[in-house]
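J.: Quick one: structure below, then a few questions.
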Amino acid sequence: MKKIMVLFIVMTYTLMGCSDSIETEQLGIVTLMGVGLDENKDITVVIQEKLLENQVTGTGGGGSTTPFLLYKGSGRTISEALQKMATDAHHRFYFSHIKIIILDEVLLRTNGIKDILDFYERNQEVRLSTWLLISPKGKLEKIISTDLGYNTDTGTILEEIITLEKNNSFYNYNNISTVTEILNTSGRELFASGINTVCKHLECKSSDKNGANEKFDLRDTAVFKDTKMIGWLSTEERRGLSLITGTVKGGEMTIPIKNKALSLRVTKIKSKIEPEIEKGKVHININVDLTSRILESQTKLDFTDENTIKMIEQIQIKEIKKDITAILKKSRELKSDFLGFGNYVNMRYPLFWRKMKNEWYSYYPDIKVNINVHSKIENTGKVHNA
Amino acid sequence: MFFNIKNRNHKNKDVTKKNSMPSASLEVYTEAKLEGIKISNSIIENIEIINKIVGENTDLVTRHFTLGRNKLIPAVLFYFDNMIDSAHIDLNIIQPLLTDAYTSGLTTGPEIIKAIELGNIISRGQMTKVNEMKTLTNGLLEGDAVLLIESVNEAYVLSAKGYAHRAVTVSDIEPVVNGPKDAFIEVLSVNLSLIRRRIHSPNLVFQSLKVGKVTQTTVCVAYIKGICSTELVTEVWSRISKIDIDGILGSNYIEEFISDEPFSVFPQVRNTDRPDVASAALLEGRVVIVVDNTPKILILPGEFFSLLQSAEDYYNRYFFSTVIRLLRYLAVFIALTLPAFYLAAANFHQELIPTDLLVSIISARTGVPFPNFLEAFLMEGTFEILREAGVRLPRPIGQAVSIVGGLVIGQAAVQASIVSPLMVIVVSLTAIATFTIPQYNISQSIRLLRFPLMILGATLGLYGLMLGLLFLLIHLASIRSFGTPYLAPLSPLKLSDLKDTVIRAPLWVHIKRPSEIARNKNRMDSNKN
């Protein structure tokens, strides 16, 4: 028994042991990483390292003027770029606390996303729950180097925006694990949300270079075909996409009523996509169930009247159908099945799918789609009859 | 003048003679040697023997007197000064013999002897006749007075114990807010009375034996017949009687001798200085050992969870007690693992720490010259030194330790960047957590085990910490305390016993006694004995 104990102790220390140990102060906490392409078609990597409180000006003095440090490097792969970067960093970059990964539009349009994702999946430190955002052409470095003046790093701010917005809006946000999953699903194309900077104020002065007058905008959605990005969606199309996929929890939508506006808050979305085969032809049924409440009304409608509520419901359904038709149109135009119809066919009729998988896009624009929307307004939010 | 000087010289000579070592007999009286000596008829012979045995002691008082006005019979009273209550000796022994006997009409010596023989005259409660020199000396040494009379070949051992002792005061070590406050003291008889006062049962048994070849300390085994299993009592008795030591100066002496696993870090005997805790243990079917000259009594068997219970748990309402009990278990876990977990997370698993906390750890540690591991050991070590200093120092100086400790360790060390503030928080949280453990002996074990776990955490990360904890668990599950599994009732699992382990169920739910310990398991339905 004693011999076994001794052997056990020796084994634990020789086979693994202290080599993995690293003192906390040697770490450089990376919270944001951006990947793009440079002029030589090499991969550029920009990372943001979170600075400690006592290193930022104001508390310690003499430190950096931004709450983060920027490192930039390029190479044929991300790893090579990071390796080049590490030579001028006094810390060991630590990727476990990356909040956001921003990928450049140009990179995704030319190289595709698969090669880039490989690094994040293979790396032990990067979490699969890291959010993935796409920056429009040429804006990557600007976004990463923008200091919003909140005295904290951009990665943390973006993460906070996403956690707040994803339960509160019609916008879709995907993390690495979802993106990987979609990429590996047969009959489904990828969509991912984008990031942009917009003016904080109504008018942007070009003289403000520090970015204090800018803010981030996380509304855009990029769509892919195979692994390459092919376009952006408009506002209506984005809402349609969210409603069909049912991945969001709800948000605000404003509908026109008698030349005035009425705001609704969608509280529950339940959507179902059902493929059906009839006489060797596929058609898709989309069922969307909505529950909403009235947020704000400019009209003088009597909400105690059942017919009024029914009317509002009908208008909402019309609006929603418009959104869904818009996204369907876009999807057909781009010949990209990011709505995942193919996947549903695969799940329902696997044998059928196997036959038509390769010619899916020749059928795709002509597939008949039935849209059924059902709306229910539960709460009028009425204080008194006005 | 001359005379005076001469006289003084003379006196000086006398003084030097007085201070010289008095001739003591070098004879050593062992038990065996005393065994054979009988008390003889002749008082002079008896006095000679007693003087030979204990005569050279200054605190031995020898009082000669005669009995009767006619037919005088010489008698002698022996006792050790300050071991007896002199009022008892004067009023109940000497006065009746010297004066009261005559007022009742007894005038001759033989008459008085006959009256004593019948139990009259001497009004002291405890009086035994002995005819062996061994029992006589034992009584004498325990604080009894011994009366010897010419031509009687027996001696009267009269209990007149009255030595100075501490009063029964509030328990210092296990204080409670609600509930009784009295605590055991150093006198065995007082301690027994404190238990007897709580359990008025004819089945409560105190049985004593002498342990310690030289000290002859009385060790009392207490249990309740019918509730406590007889096997347990026999086992305890046999283990105590096997103890071979010259002296017992505290109950821990006994504990060390009778523990099941002497090499385990964990104590397997519960000790307390509260009579209510002792009584509760007796009612659970445990055995209580009361040792003379110790305020700490032992409770057997002492399994792990009983060591984490406080008397207060039963005096507060059960909702609160349950919460406090769970909180205490959490505190035990914190005390054991927090520094180790901190080291493991900071050295190996930085991804486990929330980003903002990691940032503040790093900023707190910038400028600290030592690695995490050394820093932790430095602080934990300093804290243990401070605590030891606080305990050892006389009370008036004790405050200085807390001032120096608080200022130097808490503030100056942080300002001087020797340690990081976070480490101070970890160490102080650990320290405070250990203070919640009601039993001092188990809190010592946990304090000690913290260090090996810290080494494991700092060298092997969480893997090492888990290894250490698993090893501890295996050890805990494998040991027993007087036949009771140490982790009872969790392992082996006894669901009905969890009501007083994990939680503190209301008292009316405690229908059964702990099943691993008691023989009679029914606490409530007395018909089902």
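Ligands are numbered from 1 in the order shown, residues from 1 within each chain, and chains are lettered A, B, ... in the order they appear in the structure tokens.
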Go through chain B residue by residue and, counting only C-alpha atoms, keep those with an atom at most 10 Å from chain A; for each kept residue give the shortest atom pair and its distance in Å to one decimal, ordered by chain and increasing number, as CSV.
T.:
```
residue,atom,partner,partner_atom,distance
B:Leu343,CA,A:Glu23,CA,9.7
B:Ala344,CA,A:Ser21,CA,8.8
B:Ala345,CA,A:Thr24,CA,9.4
B:Ala346,CA,A:Thr24,CA,5.9
B:Asn347,CA,A:Ser21,CA,5.1
B:Phe348,CA,A:Ser21,CA,5.1
B:His349,CA,A:Ser21,CA,8.8
B:Gln350,CA,A:Thr24,CA,7.5
B:Glu351,CA,A:Ser96,CA,5.3
B:Leu352,CA,A:Ser96,CA,8.9
B:Ile353,CA,A:His97,CA,9.2
B:Pro354,CA,A:His97,CA,8.2
B:Thr355,CA,A:His97,CA,6.2
B:Asp356,CA,A:Thr156,CA,9.6
B:Leu358,CA,A:Thr24,CA,7.9
B:Val359,CA,A:Leu52,CA,6.1
B:Ser360,CA,A:Leu52,CA,7.4
B:Ile361,CA,A:Thr24,CA,7.5
B:Ile362,CA,A:Glu25,CA,4.9
B:Ser363,CA,A:Leu52,CA,5.8
B:Ala364,CA,A:Glu25,CA,9.0
B:Arg365,CA,A:Glu25,CA,6.4
B:Thr366,CA,A:Glu25,CA,6.4
B:Gly367,CA,A:Glu25,CA,9.3
B:Val368,CA,A:Glu25,CA,9.4
B:Phe370,CA,A:Glu23,CA,9.9
B:Pro371,CA,A:Glu23,CA,6.7
B:Asn372,CA,A:Glu23,CA,6.9
B:Phe373,CA,A:Glu23,CA,9.3
B:Leu456,CA,A:Gly17,CA,9.6
B:Ala458,CA,A:Cys18,CA,7.9
B:Thr459,CA,A:Cys18,CA,5.0
B:Leu460,CA,A:Gly17,CA,5.3
B:Gly461,CA,A:Ser21,CA,8.0
B:Tyr463,CA,A:Thr12,CA,9.8
B:Gly464,CA,A:Thr12,CA,8.6
B:Leu467,CA,A:Thr12,CA,9.9
```
J.: Leaving out Asn196 of chain A and any residue of its chain fewer than 4 positions from it, which residues lie within 12 Å of it when counting only C-alpha atoms, given as a count of residues only?
T.: 27
J.: Which residues, written as a list of chain:residue names, have at least one atom at most 6 Å from segment 33-48 of chain A, with only C-alpha atoms counted and residues fewer than 2 positions away on the same chain left out?
T.: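 Non-adjacent residues within range: A:Val30, A:Leu69, A:Leu70, A:Tyr71, A:Lys72, A:Gly73, A:Ser74, A:Gly75, A:Arg76, A:Ile101, A:Ile102, A:Leu103, A:Asp104, A:Leu107.
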J.: Store the residues picked out above in a file with C-alpha atoms, as an mmCIF file, in the first residue's frame.
T.:
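Final output, saved to again30.cif:
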```cif
data_model
loop_
_atom_site.group_PDB
_atom_site.id
_atom_site.type_symbol
_atom_site.label_atom_id
_atom_site.label_comp_id
_atom_site.auth_asym_id
_atom_site.auth_seq_id
_atom_site.Cartn_x
_atom_site.Cartn_y
_atom_site.Cartn_z
ATOM 1 C CA VAL A 30 -7.096 39.691 -24.325
ATOM 2 C CA LEU A 69 -3.430 48.126 -25.470
ATOM 3 C CA LEU A 70 -3.464 47.231 -29.150
ATOM 4 C CA TYR A 71 -1.241 44.707 -30.852
ATOM 5 C CA LYS A 72 -1.159 44.052 -34.567
ATOM 6 C CA GLY A 73 0.551 41.414 -36.603
ATOM 7 C CA SER A 74 0.177 39.588 -39.872
ATOM 8 C CA GLY A 75 1.059 36.211 -41.242
ATOM 9 C CA ARG A 76 -0.230 33.378 -43.315
ATOM 10 C CA ILE A 101 -14.160 38.074 -32.162
ATOM 11 C CA ILE A 102 -14.548 40.452 -35.076
ATOM 12 C CA LEU A 103 -13.991 39.157 -38.594
ATOM 13 C CA ASP A 104 -13.449 41.410 -41.566
ATOM 14 C CA LEU A 107 -11.602 38.247 -45.424
#
```
J.: Could you pull the residues within 6 Å of Leu77 of chain B, counting only C-alpha atoms, minus those fewer than 2 positions along the same chain, as a count of residues only?
T.: 4
J.: Taking the chain letters and numbering used in this document, name the residues of segment 211-416 of chain B that DSSP puts in helix (DSSP H, G or I), as a PyMOL selection string.
T.: chain B and resi 230-241+251-258+275-283+304-307+311-314+318-347+350-352+355-365+372-392+395-415
J.: Quick one: pull the distance between atom CA of Phe266 of chain B and atom CA of Thr436 of chain B, Å, one decimal.
T.: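 Separation of atom CA of Phe266 of chain B and atom CA of Thr436 of chain B: 17.2 Å.
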J.: Please identify all polymer residues within 6 Å of Leu67 of chain B, counting only C-alpha atoms, omitting same-chain residues fewer than 5 positions from it, and present them as an NGL selection string.
T.: :B and (72-73 or 109)
J.: What lies within 10 Å of segment 97-108 of chain B using only C-alpha atoms, ignoring chain neighbours under 3 positions off, as a compact mmCIF listing (two decimals) with N, CA and C atoms, in the first residue's frame?
T.:
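Saved as part18.txt:
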```txt
# COMPACT_ATOMS: atom_id res chain seq x y z
N PHE B 65 -4.70 13.13 71.01
CA PHE B 65 -5.60 13.44 72.12
C PHE B 65 -5.98 12.13 72.81
N THR B 66 -6.68 12.26 73.90
CA THR B 66 -7.12 11.04 74.61
C THR B 66 -8.63 11.04 74.70
N LEU B 67 -9.18 9.86 74.74
CA LEU B 67 -10.62 9.72 74.83
C LEU B 67 -11.00 9.36 76.27
N GLY B 68 -12.05 10.01 76.79
CA GLY B 68 -12.57 9.68 78.11
C GLY B 68 -11.90 10.46 79.22
N ARG B 69 -12.64 10.55 80.36
CA ARG B 69 -12.03 11.19 81.53
C ARG B 69 -11.43 10.15 82.45
N ASN B 70 -12.10 9.02 82.45
CA ASN B 70 -11.50 7.89 83.14
C ASN B 70 -11.05 6.91 82.09
N LYS B 71 -10.15 6.06 82.50
CA LYS B 71 -9.62 5.04 81.60
C LYS B 71 -9.23 5.67 80.25
N LEU B 72 -8.27 6.56 80.33
CA LEU B 72 -7.90 7.32 79.15
C LEU B 72 -7.37 6.40 78.05
N ILE B 73 -7.83 6.66 76.87
CA ILE B 73 -7.31 5.89 75.73
C ILE B 73 -6.73 6.88 74.72
N ASP B 90 -13.02 20.44 63.06
CA ASP B 90 -13.24 20.99 64.39
C ASP B 90 -14.61 20.63 64.93
N LEU B 91 -15.66 20.92 64.13
CA LEU B 91 -17.02 20.82 64.65
C LEU B 91 -17.55 19.39 64.68
N ASN B 92 -17.16 18.61 63.67
CA ASN B 92 -17.80 17.31 63.54
C ASN B 92 -16.95 16.14 64.02
N ILE B 93 -15.68 16.38 64.24
CA ILE B 93 -14.84 15.26 64.67
C ILE B 93 -14.21 15.54 66.05
N ILE B 94 -13.45 16.62 66.10
CA ILE B 94 -12.71 16.82 67.35
C ILE B 94 -13.63 17.25 68.49
N GLU B 111 -16.13 3.20 76.61
CA GLU B 111 -17.51 3.56 76.30
C GLU B 111 -17.57 4.40 75.00
N ILE B 112 -16.65 5.34 74.97
CA ILE B 112 -16.64 6.22 73.79
C ILE B 112 -16.33 5.42 72.53
N ILE B 113 -15.37 4.50 72.66
CA ILE B 113 -15.01 3.68 71.49
C ILE B 113 -16.21 2.88 71.01
N ALA B 115 -19.30 3.66 71.38
CA ALA B 115 -20.24 4.57 70.74
C ALA B 115 -19.81 4.91 69.31
N ILE B 116 -18.50 5.14 69.16
CA ILE B 116 -18.00 5.42 67.80
C ILE B 116 -18.29 4.23 66.91
N ASN B 120 -22.20 6.55 66.53
CA ASN B 120 -22.59 7.78 67.22
C ASN B 120 -21.38 8.70 67.33
N ILE B 121 -21.57 9.73 68.10
CA ILE B 121 -20.55 10.73 68.43
C ILE B 121 -20.05 11.49 67.21
N ILE B 122 -19.37 10.81 66.29
CA ILE B 122 -18.80 11.54 65.16
C ILE B 122 -19.91 11.85 64.15
N SER B 123 -20.09 13.14 63.91
CA SER B 123 -21.25 13.51 63.11
C SER B 123 -20.91 13.74 61.63
```
J.: Which residue is closest to Thr77 of chain A? Choose from A:Thr227, A:Asp118, A:Thr304, A:Gly250 and count only C-alpha atoms.
T.: A:Asp118
J.: Wanna dump the segment 236-322 of chain B-segment 193-204 of chain B contacts at 10 Å for me, each residue with its shortest atom pair and the distance in Å to one decimal, counting only C-alpha atoms, ordered by chain and number, as a Markdown table?
T.:
```
| residue | atom | partner | partner_atom | distance |
| --- | --- | --- | --- | --- |
| B:Arg274 | CA | B:Leu194 | CA | 9.3 |
| B:Pro275 | CA | B:Ile195 | CA | 5.7 |
| B:Asp276 | CA | B:Ile195 | CA | 7.5 |
| B:Val277 | CA | B:Ile195 | CA | 9.6 |
| B:Ala278 | CA | B:Ile195 | CA | 7.3 |
| B:Ser279 | CA | B:Ile195 | CA | 6.2 |
| B:Ala280 | CA | B:Arg198 | CA | 9.6 |
| B:Leu282 | CA | B:Leu204 | CA | 8.6 |
| B:Leu283 | CA | B:Ile199 | CA | 8.9 |
```
J.: So which bits of segment 147-277 of chain B end up strand (DSSP E or B) when you DSSP the backbone, as a ChimeraX atom specification?
T.: /B:147-149,155-159,161,170,182,204-211,217-225,228,270-272
J.: Next, write the just-selected residues to a file, as an mmCIF file, in the first residue's frame, keeping N, CA and C atoms as the atom set.
T.:
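part17.cif, freshly written:
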```cif
data_model
loop_
_atom_site.group_PDB
_atom_site.id
_atom_site.type_symbol
_atom_site.label_atom_id
_atom_site.label_comp_id
_atom_site.auth_asym_id
_atom_site.auth_seq_id
_atom_site.Cartn_x
_atom_site.Cartn_y
_atom_site.Cartn_z
ATOM 1 N N LEU B 147 -8.674 8.589 61.689
ATOM 2 C CA LEU B 147 -8.686 8.523 63.151
ATOM 3 C C LEU B 147 -8.205 7.141 63.585
ATOM 4 N N LEU B 148 -7.161 7.164 64.408
ATOM 5 C CA LEU B 148 -6.635 5.895 64.938
ATOM 6 C C LEU B 148 -6.788 5.903 66.457
ATOM 7 N N ILE B 149 -7.224 4.774 67.015
ATOM 8 C CA ILE B 149 -7.445 4.696 68.451
ATOM 9 C C ILE B 149 -6.667 3.494 68.975
ATOM 10 N N ALA B 155 -8.932 1.567 61.385
ATOM 11 C CA ALA B 155 -8.845 3.032 61.372
ATOM 12 C C ALA B 155 -10.134 3.583 60.800
ATOM 13 N N TYR B 156 -10.523 4.750 61.273
ATOM 14 C CA TYR B 156 -11.708 5.401 60.733
ATOM 15 C C TYR B 156 -11.264 6.440 59.714
ATOM 16 N N VAL B 157 -11.743 6.267 58.486
ATOM 17 C CA VAL B 157 -11.433 7.259 57.446
ATOM 18 C C VAL B 157 -12.643 8.165 57.302
ATOM 19 N N LEU B 158 -12.443 9.414 57.662
ATOM 20 C CA LEU B 158 -13.555 10.361 57.706
ATOM 21 C C LEU B 158 -13.395 11.369 56.580
ATOM 22 N N SER B 159 -14.433 11.439 55.777
ATOM 23 C CA SER B 159 -14.327 12.379 54.662
ATOM 24 C C SER B 159 -14.583 13.787 55.153
ATOM 25 N N LYS B 161 -13.284 16.413 52.993
ATOM 26 C CA LYS B 161 -12.590 17.087 51.889
ATOM 27 C C LYS B 161 -13.016 18.544 51.804
ATOM 28 N N VAL B 170 -19.148 30.543 34.007
ATOM 29 C CA VAL B 170 -19.635 30.494 32.628
ATOM 30 C C VAL B 170 -18.574 29.840 31.756
ATOM 31 N N ASP B 182 -23.489 27.288 32.785
ATOM 32 C CA ASP B 182 -22.487 26.755 33.699
ATOM 33 C C ASP B 182 -21.530 25.803 32.986
ATOM 34 N N LEU B 204 -28.800 6.437 35.579
ATOM 35 C CA LEU B 204 -27.551 7.142 35.306
ATOM 36 C C LEU B 204 -26.468 6.556 36.201
ATOM 37 N N VAL B 205 -25.411 6.092 35.572
ATOM 38 C CA VAL B 205 -24.374 5.393 36.344
ATOM 39 C C VAL B 205 -23.056 6.145 36.235
ATOM 40 N N PHE B 206 -22.429 6.370 37.388
ATOM 41 C CA PHE B 206 -21.051 6.869 37.408
ATOM 42 C C PHE B 206 -20.190 5.768 37.992
ATOM 43 N N GLN B 207 -19.268 5.254 37.209
ATOM 44 C CA GLN B 207 -18.373 4.241 37.760
ATOM 45 C C GLN B 207 -16.962 4.746 37.592
ATOM 46 N N SER B 208 -16.177 4.609 38.668
ATOM 47 C CA SER B 208 -14.856 5.220 38.562
ATOM 48 C C SER B 208 -13.753 4.200 38.752
ATOM 49 N N LEU B 209 -12.617 4.527 38.212
ATOM 50 C CA LEU B 209 -11.418 3.724 38.432
ATOM 51 C C LEU B 209 -10.237 4.665 38.509
ATOM 52 N N LYS B 210 -9.148 4.149 39.068
ATOM 53 C CA LYS B 210 -7.961 4.986 39.232
ATOM 54 C C LYS B 210 -7.021 4.720 38.073
ATOM 55 N N VAL B 211 -6.540 5.791 37.446
ATOM 56 C CA VAL B 211 -5.576 5.660 36.361
ATOM 57 C C VAL B 211 -4.361 6.493 36.713
ATOM 58 N N THR B 217 -5.209 9.097 39.575
ATOM 59 C CA THR B 217 -6.314 9.996 39.237
ATOM 60 C C THR B 217 -7.608 9.210 39.074
ATOM 61 N N THR B 218 -8.666 9.773 39.610
ATOM 62 C CA THR B 218 -9.960 9.131 39.461
ATOM 63 C C THR B 218 -10.517 9.445 38.078
ATOM 64 N N VAL B 219 -10.868 8.407 37.343
ATOM 65 C CA VAL B 219 -11.500 8.569 36.045
ATOM 66 C C VAL B 219 -12.875 7.946 36.144
ATOM 67 N N CYS B 220 -13.878 8.751 35.784
ATOM 68 C CA CYS B 220 -15.237 8.291 35.995
ATOM 69 C C CYS B 220 -15.909 8.063 34.652
ATOM 70 N N VAL B 221 -16.467 6.878 34.477
ATOM 71 C CA VAL B 221 -17.190 6.554 33.251
ATOM 72 C C VAL B 221 -18.677 6.687 33.533
ATOM 73 N N ALA B 222 -19.341 7.534 32.751
ATOM 74 C CA ALA B 222 -20.760 7.767 32.995
ATOM 75 C C ALA B 222 -21.560 7.294 31.793
ATOM 76 N N TYR B 223 -22.698 6.703 32.058
ATOM 77 C CA TYR B 223 -23.595 6.292 30.982
ATOM 78 C C TYR B 223 -24.974 6.073 31.570
ATOM 79 N N ILE B 224 -25.955 5.927 30.701
ATOM 80 C CA ILE B 224 -27.308 5.650 31.188
ATOM 81 C C ILE B 224 -27.634 4.211 30.829
ATOM 82 N N LYS B 225 -27.920 3.439 31.844
ATOM 83 C CA LYS B 225 -28.255 2.032 31.631
ATOM 84 C C LYS B 225 -29.514 1.935 30.789
ATOM 85 N N CYS B 228 -27.517 3.281 26.726
ATOM 86 C CA CYS B 228 -26.178 3.051 26.192
ATOM 87 C C CYS B 228 -25.966 1.553 26.009
ATOM 88 N N ARG B 270 -15.145 13.520 21.201
ATOM 89 C CA ARG B 270 -15.602 14.894 21.375
ATOM 90 C C ARG B 270 -15.319 15.310 22.800
ATOM 91 N N ASN B 271 -14.877 16.534 22.997
ATOM 92 C CA ASN B 271 -14.767 16.973 24.384
ATOM 93 C C ASN B 271 -15.484 18.282 24.594
ATOM 94 N N THR B 272 -15.940 18.465 25.813
ATOM 95 C CA THR B 272 -16.736 19.648 26.108
ATOM 96 C C THR B 272 -16.513 20.053 27.548
#
```
J.: Using atom CA of Glu132 of chain B and atom CA of Gly162 of chain B as the two end points, give the distance in Å to one decimal.
T.: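 Atom-to-atom, atom CA of Glu132 of chain B and atom CA of Gly162 of chain B are spaced 24.2 Å apart.
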J.: Please provide the set of residues having any atom within 9 Å of Ala431 of chain B, restricted to only C-alpha atoms, with same-chain residues fewer than 5 positions apart removed, written as a list in words.
T.: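 That gives Ala335, Glu380, Phe383, Val426 and Arg447 of chain B.
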J.: Using only C-alpha atoms, find the one residue out of B:Glu142, B:Glu56, B:Glu516, B:Glu35 that sits nearest to Met83 of chain B.
T.: B:Glu142
J.: Can you tell me how far atom CA of Met311 of chain A sits from atom CA of Asn167 of chain A, in Å to one decimal?
T.: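 Straight-line distance from atom CA of Met311 of chain A to atom CA of Asn167 of chain A works out to 27.6 Å.
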